[in-house]
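Okay, structure first, notes after.
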Amino acid sequence: MTTPNTPAPRLRFAPSPTGYLHVGGARTALFNWLWARKTGGTFLLRIEDTDKARSTDESTRAIFEGLTWLGLDWDEEVVFQGANLERHRRDADRLLASGYAYRDFTTAEELDRLRKDAEARGETFTFDRRLAELHPDELERRLERGDPYTIRFRVPEGTTEWHDLVHGRIAFPNKDIDDFIVLRSDRTPIYNHAVVSDDIAMGITLVMRGDDHISNTPKQILLYEALGEPIPDFAHIPMIHGMDGKKLSKRRGAVAVGDYQHMGILPSAMRNFLALLGWSPGDDVEVMSQAEMITRFSGEGLLKKAAVFDLKKLEWMNGQHMMLTPIAELEAYLRPFVLQAGLATEAQLTERHSWWLQLLELLRVRARTVTDLVRQAQPYFADALTYDEAAVAKHWKDAPATAGHLDSVATTLETTEWDATAMETALRTLAEARGIGTGKLFQPLRVALTGMAESPGIFDVLVLLGRDTSLGRIRAAVNRLGGVP
Ligand code: GLU
């Protein structure tokens, strides 16, 4: 678990564009990015689009958008793996020429039959390279005839090992590694070969990725050795599990970064939350700005154990970041959500800018997400109020008494200066005069003003709503309750 001392490492995130940007992928991208930013290294993006049937432009776009939303900028031109096919082929041919690989004319049908035979015997199929051995004349004949062949890697004897930056020494006996295919018979590369060929071409010095790739690494190291190229460092970071201990999956909740964006999570909170999935700064500090994360990020803090994705913690983290974000920045981020919810127009928000910022200051204290905040902001914009049924049932239980209380509130406020302190004094005096606790007055009033059981301090609410709207809503509540008895 040591940080390598390569002066300026080159790292990459290499997603396959076959869906949305998964939170696990985003976390891997973030770790690579943090490492690069911390060390003055380079963070590259490679889209692994060799699987033409499953890769789509739409998911490539989703990857760009997700990374951009998270603020993970990449340093050079995006590399599209599919564009490197000729090099992949050349590298495979180099392996062939140097004897590290060989041609295998075994047909798919034959391989299938051999696999089935092995299974029937209760064995796992391994490719016996003698199957591919041909007399030179026969080889020539087949080549001339244009018979299709795959290029297989000739796995040498011995052990393949590396010092993983997370796991320490990992070793695989080569006898457990099959002579794997490098190039298929249609001359397309298999994953391990394309990755190594591209990582070499991109000058990658540290490969950091999910530990589900550990079993690929010995094959990749063998390829580096055979191609005569320096082997990069490897860091295999832990998987992310759900609260149930199982792999995160769509069935058990949102796994796309975009879903959290739409849920109203701030990018800074998402980044902070993801950073703690498989990394610990080594103390109890959890809430960190981007700059702090970069300063504190290190290989020593990478963890081996699977990380747990706890939505409650993400929401808590988001609440923390809503408080930390400068109000103008928060407002700019929120604006599209407010517009989309139809609460106000752009012009209205601009016109009442300082009022709107004041409201945000009050609401952000209790809101967990941006969408939650927008929901809570609704009563301050709406002409007609919608009453939350539970709030009504709870705080307007005794209709005649409540109507009486609210009517007296309206009468009192009509002659009170529209100032939080003045209104507070007046209403406390009123509660005393009516012989009731302030809660009996303030809670029904809150429902009358906001339709909700929870809101910022009631006097702040009165000030923000203004005199006319407040008195109008209290009168409407009295009517709704059947009037004063
Ligand atoms: N395309 C691979 C994936 O998405 C990349 C693996 C790697 O980083 O080498 O899992």
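Here's how to read the names in the structure tokens: chain A, B, ... by the order shown, residue numbers from 1 in each chain, ligand numbers from 1 in the order shown.
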Expected selection as a ChimeraX atom specification for ligand 1 within 6 Å, only C-alpha atoms and all ligand atoms = /A:14-16,48,209
Which of range 14-225 of chain A DSSP labels strand (DSSP E or B), written as number ranges by chain = A: 22, 42-47, 79-80, 101-104, 150-153, 159-164, 168-173, 181-183, 189, 206-210
Would you save the residues of that selection, restricted to C-alpha atoms, as a short mmCIF file (atom, residue, chain, number, x, y, z; two decimals), in the first residue's frame?
```cif
data_model
loop_
_atom_site.label_atom_id
_atom_site.label_comp_id
_atom_site.auth_asym_id
_atom_site.auth_seq_id
_atom_site.Cartn_x
_atom_site.Cartn_y
_atom_site.Cartn_z
CA HIS A 22 -22.33 3.50 -13.09
CA THR A 42 -2.12 13.11 -16.12
CA PHE A 43 -5.65 11.75 -16.16
CA LEU A 44 -6.82 10.27 -19.44
CA LEU A 45 -10.13 8.98 -20.69
CA ARG A 46 -10.42 6.00 -22.98
CA ILE A 47 -13.75 4.81 -24.29
CA VAL A 79 -9.06 7.91 -26.87
CA PHE A 80 -11.55 5.66 -28.61
CA ALA A 101 2.01 -16.26 -29.73
CA TYR A 102 0.92 -18.81 -32.28
CA ARG A 103 -1.78 -19.35 -34.85
CA ASP A 104 -4.60 -21.63 -33.88
CA THR A 150 -6.99 -17.03 -33.91
CA ILE A 151 -3.75 -15.78 -32.43
CA ARG A 152 -3.11 -17.35 -29.06
CA PHE A 153 -0.65 -16.29 -26.44
CA THR A 159 4.64 -17.54 -11.90
CA THR A 160 3.31 -14.11 -12.71
CA GLU A 161 3.27 -11.69 -9.85
CA TRP A 162 3.07 -8.01 -9.07
CA HIS A 163 3.07 -5.72 -6.12
CA ASP A 164 -0.44 -4.36 -6.06
CA GLY A 168 0.46 -6.11 -1.83
CA ARG A 169 1.99 -9.11 -3.57
CA ILE A 170 -0.37 -11.05 -5.80
CA ALA A 171 0.91 -14.12 -7.61
CA PHE A 172 -0.67 -16.46 -10.15
CA PRO A 173 0.96 -19.75 -11.16
CA ILE A 181 -6.67 -15.72 -27.47
CA VAL A 182 -5.15 -12.35 -28.35
CA LEU A 183 -6.76 -11.82 -31.73
CA PRO A 189 -8.59 -8.12 -30.33
CA LEU A 206 -0.53 3.32 -13.08
CA VAL A 207 -3.58 1.19 -13.79
CA MET A 208 -6.17 1.75 -11.09
CA ARG A 209 -9.43 -0.15 -11.51
CA GLY A 210 -11.96 -2.34 -9.75
#
```
Compile the contact shell of Ala8 in chain A as an MDAnalysis selection string: residues with an atom at most 12 Å away, counting only C-alpha atoms, same-chain residues fewer than 5 positions apart removed.
-> chainID A and resid 3 35:43 203:206
Write out as JSON, numbers by chain which residues come within 12 Å of range 86-88 of chain A when counting only C-alpha atoms, dropping same-chain ones fewer than 4 positions away.
-> {"A": [50, 81, 82, 92, 93, 94, 95, 151, 182, 183, 184, 187, 188, 189, 190, 191, 192, 193, 194, 195, 196, 197, 198, 199, 200, 201, 227]}
How many Å lie between CA of Ile221 in chain A and CA of Ser55 in chain A, rounded to one decimal?
->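 Distance between the two atoms: 26.7 Å.
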Please provide the set of residues having any atom within 7 Å of Ile265 in chain A, restricted to only C-alpha atoms, with same-chain residues fewer than 5 positions apart removed, written as a list in words.
->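 Near Ile265 in chain A, the qualifying residues are Tyr260, Met270, Asn318, Thr369 and Val370 of chain A.
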Step one, run DSSP on the backbone; step two, keep only residues of range 369-472 of chain A assigned to alpha helix (DSSP H); then write them as a PyMOL selection string.
-> chain A and resi 370-381+389-395+399-414+420-434+438-450+458-465+467-472
Option closest in space to Asp259 in chain A, from A:Ala391, A:Ser455, A:Lys304, A:Trp69 [counting only C-alpha atoms] =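 For Asp259 in chain A, the nearest of the candidates is A:Trp69.
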Residue nearest Thr295 in chain A among A:Leu34, A:Glu417, A:Leu430, A:Gln348 (counting only C-alpha atoms) | A:Leu34
